[in-house]
>>> print(open('my_file03.cif').read())   # mmCIF, C-alpha atoms
data_query
#
loop_
_atom_site.label_atom_id
_atom_site.label_comp_id
_atom_site.auth_asym_id
_atom_site.auth_seq_id
_atom_site.Cartn_x
_atom_site.Cartn_y
_atom_site.Cartn_z
CA MET A 1 15.10 -41.47 35.94
CA LYS A 2 18.20 -39.32 35.56
CA ILE A 3 18.57 -36.26 33.34
CA ILE A 4 21.95 -34.65 32.83
CA THR A 5 21.82 -30.90 32.50
CA ILE A 6 24.17 -29.34 30.00
CA ILE A 7 24.63 -26.03 31.80
CA THR A 8 25.48 -27.22 35.31
CA HIS A 9 26.91 -30.63 34.38
CA GLN A 10 25.03 -32.10 37.32
CA THR A 11 22.90 -35.18 37.37
CA VAL A 12 19.40 -34.54 38.66
CA ASN A 13 16.87 -37.20 39.71
CA ILE A 14 13.39 -36.52 38.40
CA SER A 15 10.49 -38.77 39.12
CA LYS A 16 8.33 -40.13 36.35
CA ALA A 17 5.37 -38.25 37.84
CA VAL A 18 7.11 -34.90 37.40
CA VAL A 19 8.04 -35.74 33.80
CA PHE A 20 4.44 -36.78 33.16
CA MET A 21 3.10 -33.55 34.69
CA VAL A 22 5.52 -31.36 32.72
CA THR A 23 4.73 -33.20 29.48
CA GLY A 24 0.99 -32.82 30.13
CA TYR A 25 1.41 -29.13 30.89
CA VAL A 26 3.40 -28.58 27.68
CA LEU A 27 0.79 -30.41 25.61
CA LEU A 28 -1.98 -28.41 27.25
CA MET A 29 -0.14 -25.17 26.50
CA LEU A 30 0.47 -26.19 22.90
CA SER A 31 -3.20 -26.95 22.38
CA GLY A 32 -3.98 -23.61 24.02
CA CYS A 33 -1.58 -21.93 21.59
CA ALA A 34 -3.62 -23.27 18.70
CA SER A 35 -6.78 -21.70 20.06
CA ILE A 36 -4.91 -18.49 20.84
CA ASP A 37 -3.55 -18.51 17.28
CA ARG A 38 -7.09 -18.95 15.92
CA GLY A 39 -8.26 -16.09 18.12
CA LEU A 40 -5.44 -13.85 16.93
CA MET A 41 -6.22 -14.76 13.32
CA ASN A 42 -9.85 -13.75 13.88
CA VAL A 43 -8.71 -10.40 15.25
CA SER A 44 -6.27 -10.04 12.35
CA ASP A 45 -9.09 -10.72 9.88
CA GLN A 46 -11.08 -7.89 11.44
CA ILE A 47 -8.30 -5.27 11.21
CA SER A 48 -6.67 -6.41 7.98
CA SER A 49 -7.82 -6.88 4.46
CA LYS A 50 -6.66 -8.93 1.53
CA ASP A 51 -4.52 -7.19 -1.03
CA PRO A 52 -6.78 -6.99 -4.10
CA VAL A 53 -3.92 -8.07 -6.36
CA THR A 54 -1.82 -10.58 -4.39
CA GLY A 55 -4.45 -11.87 -1.97
CA LYS A 56 -1.99 -11.46 0.93
CA ARG A 57 -3.17 -9.98 4.21
CA GLU A 58 -2.27 -6.36 4.87
CA ILE A 59 -2.89 -4.05 7.77
CA ASN A 60 -4.59 -0.96 6.46
CA LEU A 61 -6.18 1.42 8.94
CA THR A 62 -8.03 3.33 6.22
CA SER A 63 -11.19 2.04 4.59
CA GLU A 64 -11.48 2.22 0.83
CA LYS A 65 -14.09 4.97 1.14
CA GLU A 66 -11.77 7.00 3.39
CA GLU A 67 -8.93 6.45 0.93
CA ILE A 68 -11.06 7.72 -1.97
CA ASP A 69 -12.38 10.70 0.03
CA ARG A 70 -8.88 11.72 1.16
CA ALA A 71 -7.47 11.36 -2.37
CA THR A 72 -10.37 13.32 -3.89
CA ASP A 73 -9.92 16.11 -1.35
CA PHE A 74 -6.16 16.27 -1.98
CA THR A 75 -6.69 16.25 -5.76
CA ASN A 76 -9.20 19.09 -5.61
CA LYS A 77 -6.89 21.17 -3.42
CA MET A 78 -3.88 20.50 -5.64
CA LEU A 79 -5.71 21.43 -8.84
CA SER A 80 -7.25 24.51 -7.23
CA SER A 81 -3.86 25.64 -5.95
CA ALA A 82 -2.26 25.16 -9.36
CA LYS A 83 -4.98 27.19 -11.07
CA GLN A 84 -4.68 30.00 -8.48
CA LYS A 85 -0.95 30.16 -9.23
CA ASN A 86 -1.62 30.16 -13.01
CA ILE A 87 0.07 26.78 -13.39
CA LYS A 88 -1.21 24.97 -16.45
CA VAL A 89 -3.00 21.68 -15.87
CA ASP A 90 -4.55 18.98 -18.03
CA VAL A 91 -6.22 20.37 -21.18
CA ASP A 92 -4.05 23.53 -21.08
CA LEU A 93 -0.96 21.43 -21.88
CA PRO A 94 0.01 20.03 -25.29
CA GLU A 95 0.93 16.60 -23.81
CA TRP A 96 -2.52 16.11 -22.28
CA PRO A 97 -4.20 14.20 -25.15
CA ASN A 98 -1.38 11.64 -25.19
CA VAL A 99 -1.39 11.21 -21.40
CA GLN A 100 -5.18 10.81 -21.42
CA ARG A 101 -5.08 8.30 -24.30
CA VAL A 102 -2.43 6.09 -22.66
CA PHE A 103 -4.20 6.33 -19.29
CA ASN A 104 -7.56 5.34 -20.80
CA SER A 105 -6.06 2.27 -22.47
CA LEU A 106 -4.52 1.11 -19.18
CA ARG A 107 -7.64 1.87 -17.18
CA LYS A 108 -9.48 -0.88 -19.06
CA VAL A 109 -7.24 -3.56 -17.53
CA VAL A 110 -6.38 -2.17 -14.09
CA HIS A 111 -7.24 -3.89 -10.82
CA ARG A 112 -9.89 -2.15 -8.69
CA GLN A 113 -11.93 -1.10 -11.71
CA HIS A 114 -14.59 0.37 -9.44
CA LEU A 115 -12.36 3.23 -8.27
CA PRO A 116 -12.94 6.76 -9.59
CA TRP A 117 -9.71 6.72 -11.63
CA GLU A 118 -8.26 10.09 -12.67
CA ILE A 119 -4.98 11.30 -14.03
CA HIS A 120 -3.82 14.90 -14.05
CA LEU A 121 -0.97 16.57 -15.87
CA ILE A 122 0.65 19.53 -14.14
CA GLU A 123 3.15 22.03 -15.52
CA ASN A 124 6.22 21.37 -13.40
CA LYS A 125 9.87 20.81 -14.37
CA SER A 126 10.24 17.91 -11.92
CA PHE A 127 10.83 14.48 -13.40
CA ASN A 128 8.03 12.84 -11.45
CA ALA A 129 4.70 11.05 -11.38
CA PHE A 130 2.88 10.02 -8.23
CA THR A 131 -0.37 8.84 -6.72
CA VAL A 132 -2.25 9.83 -3.61
CA GLY A 133 -4.31 6.64 -3.68
CA GLY A 134 -8.02 6.30 -4.35
CA GLY A 135 -7.45 6.16 -8.12
CA LYS A 136 -5.92 9.66 -8.32
CA MET A 137 -2.61 10.11 -10.14
CA PHE A 138 -0.44 13.01 -11.21
CA VAL A 139 2.22 13.42 -13.88
CA TYR A 140 4.52 16.42 -14.07
CA THR A 141 5.42 17.76 -17.51
CA GLY A 142 9.12 17.46 -16.60
CA LEU A 143 8.68 13.71 -16.96
CA LEU A 144 7.52 14.10 -20.55
CA ARG A 145 9.83 16.75 -21.96
CA PRO A 146 13.38 16.67 -23.34
CA PRO A 147 16.14 16.17 -22.65
CA HIS A 148 15.34 13.27 -20.27
CA GLY A 149 11.59 12.82 -20.55
CA VAL A 150 9.81 9.65 -21.61
CA ILE A 151 9.60 9.52 -25.36
CA SER A 152 7.31 6.68 -26.35
CA ASP A 153 3.79 5.60 -25.44
CA GLU A 154 5.31 2.43 -24.02
CA GLU A 155 7.50 4.39 -21.60
CA LEU A 156 4.55 6.54 -20.56
CA ALA A 157 2.45 3.39 -20.11
CA ALA A 158 5.16 1.95 -17.86
CA VAL A 159 5.11 5.08 -15.68
CA ILE A 160 1.32 5.26 -15.47
CA GLY A 161 1.06 1.50 -14.95
CA HIS A 162 3.54 1.76 -12.09
CA GLU A 163 1.37 4.39 -10.38
CA MET A 164 -1.75 2.31 -11.01
CA ALA A 165 -0.02 -0.62 -9.31
CA HIS A 166 0.58 1.55 -6.24
CA VAL A 167 -3.13 2.41 -6.19
CA SER A 168 -4.17 -1.22 -6.69
CA ALA A 169 -1.97 -2.34 -3.80
CA ARG A 170 -3.26 0.54 -1.63
CA HIS A 171 0.27 1.71 -0.89
CA ALA A 172 -0.74 5.32 -0.16
CA SER A 173 -3.23 4.39 2.56
CA GLU A 174 -0.97 1.62 3.86
CA GLN A 175 1.85 4.15 4.25
CA GLN A 176 -0.51 6.53 6.02
CA GLY A 177 -1.38 3.74 8.48
CA LYS A 178 2.30 3.01 9.12
CA LEU A 179 2.92 6.69 9.85
CA LEU A 180 -0.02 6.71 12.27
CA ILE A 181 1.21 3.60 14.08
CA THR A 182 4.71 5.11 14.31
CA ALA A 183 3.30 8.35 15.71
CA LEU A 184 1.28 6.41 18.31
CA ALA A 185 4.35 4.40 19.31
CA ASP A 186 6.41 7.51 20.03
#
>>> encode(input="my_file03.cif", output="C-alpha cells")
Amino acid sequence: MKIITIITHQTVNISKAVVFMVTGYVLLMLSGCASIDRGLMNVSDQISSKDPVTGKREINLTSEKEEIDRATDFTNKMLSSAKQKNIKVDVDLPEWPNVQRVFNSLRKVVHRQHLPWEIHLIENKSFNAFTVGGGKMFVYTGLLRPPHGVISDEELAAVIGHEMAHVSARHASEQQGKLLITALAD
C-alpha cells in the first residue's frame, strides 16, 4: 500500500499491518476519550451547579449558604456604616414606601424564592443600584431623584428586576469565584 504525504511529497510504503495497528490504536484512544469525557463530566458535576434560571452548568466556588452569609455580613456592615455617618437609609427616606412596594410585588415572582430577599435605600447622589448576592440589593436615592432619576413604577421595577436577575443567576458569587481563580493563576 502506498500513501503520498502532502508535506514531503514523497511516496512511503506502509504495510497493511501497520495501518491496522494504527487504526486500532486510534479507535482504542477514541473509546478511551469517551470514558475520559464521562469522568471529566462527573468531576464537573461535583464542582459546578446548574443555573437556577437557565439550567446551564456554571462553575461557582461559593455555596448558596456562603453566598447568603457573605451578603448578609456585607449588608449589615454597609447599613451600620451609613448610620454611623448619619446617612439616611430605608424608612428615613421619602422614596422608601415606593421602593418597598415595587420590590414586594416583584419578590412574589422572582426565581430563588427561598432566599432572604432584602432591598435597602441609601441616601447617595450616585445614579446606581446593585446587589451583593444572597438576595440583598441596594438602591441609591440618586437613581430616583430628578433630573435623571427613574420616574415611574415601571422604570423602578425594571431596575429592581435587573438586580434580582443578577441574584437569581448568582452573578455576585460567580464573579467572586472568577477573581479567586485569577488570583490563584497569578
>>> atom_distance(input="my_file03.cif", atom1="CA of Ser63 (chain A)", atom2="CA of His111 (chain A)")
17.0 Å
>>> residues_near_point(input="my_file03.cif", point="(-4.4, 9.0, -11.0)", cutoff="6 Å", atoms="all atoms listed in the file", output="ChimeraX atom specification")
/A:117-119,131,135-138
>>> closest_residue(input="my_file03.cif", among="A:Gly134, A:Asp92, A:Ile160, A:Gln84", to="His114 (chain A)", atoms="all atoms listed in the file")
A:Gly134
>>> atom_distance(input="my_file03.cif", atom1="CA of Val132 (chain A)", atom2="CA of Leu156 (chain A)")
18.6 Å
>>> residues_around(input="my_file03.cif", residues="Leu143 (chain A)", least_positions_apart="5", cutoff="12 Å", atoms="only C-alpha atoms", output="list in words")
Glu95, Val99, Leu121, Ile122, Glu123, Asn124, Lys125, Ser126, Phe127, Asn128, Ala129, Phe130, Phe138, His148, Gly149, Val150, Ile151, Ser152, Glu155, Leu156, Val159 and Ile160 of chain A
>>> write_last_selection(input="my_file03.cif", atoms="C-alpha atoms", output="PDB file, in the frame of the given file")
ATOM      1  CA  GLU A  95       0.930  16.600 -23.810  1.00  0.00           C
ATOM      2  CA  VAL A  99      -1.390  11.210 -21.400  1.00  0.00           C
ATOM      3  CA  LEU A 121      -0.970  16.570 -15.870  1.00  0.00           C
ATOM      4  CA  ILE A 122       0.650  19.530 -14.140  1.00  0.00           C
ATOM      5  CA  GLU A 123       3.150  22.030 -15.520  1.00  0.00           C
ATOM      6  CA  ASN A 124       6.220  21.370 -13.400  1.00  0.00           C
ATOM      7  CA  LYS A 125       9.870  20.810 -14.370  1.00  0.00           C
ATOM      8  CA  SER A 126      10.240  17.910 -11.920  1.00  0.00           C
ATOM      9  CA  PHE A 127      10.830  14.480 -13.400  1.00  0.00           C
ATOM     10  CA  ASN A 128       8.030  12.840 -11.450  1.00  0.00           C
ATOM     11  CA  ALA A 129       4.700  11.050 -11.380  1.00  0.00           C
ATOM     12  CA  PHE A 130       2.880  10.020  -8.230  1.00  0.00           C
ATOM     13  CA  PHE A 138      -0.440  13.010 -11.210  1.00  0.00           C
ATOM     14  CA  HIS A 148      15.340  13.270 -20.270  1.00  0.00           C
ATOM     15  CA  GLY A 149      11.590  12.820 -20.550  1.00  0.00           C
ATOM     16  CA  VAL A 150       9.810   9.650 -21.610  1.00  0.00           C
ATOM     17  CA  ILE A 151       9.600   9.520 -25.360  1.00  0.00           C
ATOM     18  CA  SER A 152       7.310   6.680 -26.350  1.00  0.00           C
ATOM     19  CA  GLU A 155       7.500   4.390 -21.600  1.00  0.00           C
ATOM     20  CA  LEU A 156       4.550   6.540 -20.560  1.00  0.00           C
ATOM     21  CA  VAL A 159       5.110   5.080 -15.680  1.00  0.00           C
ATOM     22  CA  ILE A 160       1.320   5.260 -15.470  1.00  0.00           C
TER      23      ILE A 160
END
>>> closest_residue(input="my_file03.cif", among="A:Lys56, A:Ile68, A:Leu106, A:Tyr140", to="Val89 (chain A)", atoms="all atoms listed in the file")
A:Tyr140
>>> atom_distance(input="my_file03.cif", atom1="CA of Asp153 (chain A)", atom2="CA of Pro94 (chain A)")
14.9 Å
>>> closest_residue(input="my_file03.cif", among="A:Asp90, A:Phe103, A:Leu79, A:Pro116", to="His162 (chain A)", atoms="all atoms listed in the file")
A:Phe103
>>> closest_residue(input="my_file03.cif", among="A:His120, A:Lys88, A:Arg170, A:Arg101", to="Leu61 (chain A)", atoms="all atoms listed in the file")
A:Arg170
>>> closest_residue(input="my_file03.cif", among="A:Ala165, A:Thr141, A:Asn76, A:His171", to="Asn98 (chain A)", atoms="all atoms listed in the file")
A:Thr141
>>> closest_residue(input="my_file03.cif", among="A:Gln113, A:Lys83, A:Gly133, A:Thr54", to="Glu67 (chain A)", atoms="only C-alpha atoms")
A:Gly133
>>> axis_aligned_box(input="my_file03.cif", around="region 139-147 of chain A", padding_each_side="5 Å", output="lines of an AutoDock Vina configuration file")
center_x = 9.2
center_y = 15.6
center_z = -18.6
size_x = 23.9
size_y = 14.3
size_z = 19.5
>>> build_atoms(input="my_file03.cif", residues="region 95-112 of chain A", atoms="N, CA, C and O atoms", output="PDB file, in the coordinates of the input")
ATOM      1  N   GLU A  95       0.740  18.044 -24.025  1.00  0.00           N
ATOM      2  CA  GLU A  95       0.930  16.600 -23.810  1.00  0.00           C
ATOM      3  C   GLU A  95      -0.333  15.896 -23.296  1.00  0.00           C
ATOM      4  O   GLU A  95      -0.399  14.670 -23.265  1.00  0.00           O
ATOM      5  N   TRP A  96      -1.334  16.679 -22.908  1.00  0.00           N
ATOM      6  CA  TRP A  96      -2.520  16.110 -22.280  1.00  0.00           C
ATOM      7  C   TRP A  96      -3.226  15.039 -23.106  1.00  0.00           C
ATOM      8  O   TRP A  96      -3.548  13.962 -22.562  1.00  0.00           O
ATOM      9  N   PRO A  97      -3.485  15.248 -24.398  1.00  0.00           N
ATOM     10  CA  PRO A  97      -4.200  14.200 -25.150  1.00  0.00           C
ATOM     11  C   PRO A  97      -3.464  12.851 -25.134  1.00  0.00           C
ATOM     12  O   PRO A  97      -4.108  11.802 -25.009  1.00  0.00           O
ATOM     13  N   ASN A  98      -2.150  12.886 -25.211  1.00  0.00           N
ATOM     14  CA  ASN A  98      -1.380  11.640 -25.190  1.00  0.00           C
ATOM     15  C   ASN A  98      -1.451  10.973 -23.822  1.00  0.00           C
ATOM     16  O   ASN A  98      -1.631   9.754 -23.722  1.00  0.00           O
ATOM     17  N   VAL A  99      -1.303  11.758 -22.763  1.00  0.00           N
ATOM     18  CA  VAL A  99      -1.390  11.210 -21.400  1.00  0.00           C
ATOM     19  C   VAL A  99      -2.771  10.588 -21.181  1.00  0.00           C
ATOM     20  O   VAL A  99      -2.898   9.464 -20.685  1.00  0.00           O
ATOM     21  N   GLN A 100      -3.804  11.295 -21.585  1.00  0.00           N
ATOM     22  CA  GLN A 100      -5.180  10.810 -21.420  1.00  0.00           C
ATOM     23  C   GLN A 100      -5.420   9.538 -22.229  1.00  0.00           C
ATOM     24  O   GLN A 100      -6.038   8.591 -21.734  1.00  0.00           O
ATOM     25  N   ARG A 101      -4.900   9.479 -23.442  1.00  0.00           N
ATOM     26  CA  ARG A 101      -5.080   8.300 -24.300  1.00  0.00           C
ATOM     27  C   ARG A 101      -4.414   7.067 -23.697  1.00  0.00           C
ATOM     28  O   ARG A 101      -5.014   5.989 -23.603  1.00  0.00           O
ATOM     29  N   VAL A 102      -3.159   7.218 -23.255  1.00  0.00           N
ATOM     30  CA  VAL A 102      -2.430   6.090 -22.660  1.00  0.00           C
ATOM     31  C   VAL A 102      -3.116   5.662 -21.354  1.00  0.00           C
ATOM     32  O   VAL A 102      -3.317   4.469 -21.107  1.00  0.00           O
ATOM     33  N   PHE A 103      -3.493   6.624 -20.538  1.00  0.00           N
ATOM     34  CA  PHE A 103      -4.200   6.330 -19.290  1.00  0.00           C
ATOM     35  C   PHE A 103      -5.489   5.556 -19.552  1.00  0.00           C
ATOM     36  O   PHE A 103      -5.768   4.546 -18.895  1.00  0.00           O
ATOM     37  N   ASN A 104      -6.278   6.006 -20.512  1.00  0.00           N
ATOM     38  CA  ASN A 104      -7.560   5.340 -20.800  1.00  0.00           C
ATOM     39  C   ASN A 104      -7.362   3.908 -21.280  1.00  0.00           C
ATOM     40  O   ASN A 104      -8.175   3.038 -20.963  1.00  0.00           O
ATOM     41  N   SER A 105      -6.291   3.652 -22.014  1.00  0.00           N
ATOM     42  CA  SER A 105      -6.060   2.270 -22.470  1.00  0.00           C
ATOM     43  C   SER A 105      -5.669   1.374 -21.292  1.00  0.00           C
ATOM     44  O   SER A 105      -6.079   0.213 -21.236  1.00  0.00           O
ATOM     45  N   LEU A 106      -4.913   1.901 -20.349  1.00  0.00           N
ATOM     46  CA  LEU A 106      -4.520   1.110 -19.180  1.00  0.00           C
ATOM     47  C   LEU A 106      -5.681   0.937 -18.198  1.00  0.00           C
ATOM     48  O   LEU A 106      -5.794  -0.100 -17.531  1.00  0.00           O
ATOM     49  N   ARG A 107      -6.518   1.916 -18.126  1.00  0.00           N
ATOM     50  CA  ARG A 107      -7.640   1.870 -17.180  1.00  0.00           C
ATOM     51  C   ARG A 107      -8.565   0.684 -17.466  1.00  0.00           C
ATOM     52  O   ARG A 107      -9.203   0.153 -16.552  1.00  0.00           O
ATOM     53  N   LYS A 108      -8.608   0.245 -18.683  1.00  0.00           N
ATOM     54  CA  LYS A 108      -9.480  -0.880 -19.060  1.00  0.00           C
ATOM     55  C   LYS A 108      -9.035  -2.196 -18.420  1.00  0.00           C
ATOM     56  O   LYS A 108      -9.833  -3.117 -18.302  1.00  0.00           O
ATOM     57  N   VAL A 109      -7.763  -2.283 -18.028  1.00  0.00           N
ATOM     58  CA  VAL A 109      -7.240  -3.560 -17.530  1.00  0.00           C
ATOM     59  C   VAL A 109      -6.717  -3.483 -16.090  1.00  0.00           C
ATOM     60  O   VAL A 109      -6.142  -4.444 -15.596  1.00  0.00           O
ATOM     61  N   VAL A 110      -6.919  -2.355 -15.431  1.00  0.00           N
ATOM     62  CA  VAL A 110      -6.380  -2.170 -14.090  1.00  0.00           C
ATOM     63  C   VAL A 110      -7.204  -2.932 -13.056  1.00  0.00           C
ATOM     64  O   VAL A 110      -8.397  -3.179 -13.239  1.00  0.00           O
ATOM     65  N   HIS A 111      -6.529  -3.325 -11.967  1.00  0.00           N
ATOM     66  CA  HIS A 111      -7.240  -3.890 -10.820  1.00  0.00           C
ATOM     67  C   HIS A 111      -8.055  -2.762 -10.178  1.00  0.00           C
ATOM     68  O   HIS A 111      -7.785  -1.587 -10.374  1.00  0.00           O
ATOM     69  N   ARG A 112      -9.028  -3.120  -9.391  1.00  0.00           N
ATOM     70  CA  ARG A 112      -9.890  -2.150  -8.690  1.00  0.00           C
ATOM     71  C   ARG A 112     -10.588  -1.227  -9.692  1.00  0.00           C
ATOM     72  O   ARG A 112     -10.558  -0.006  -9.575  1.00  0.00           O
TER      73      ARG A 112
END
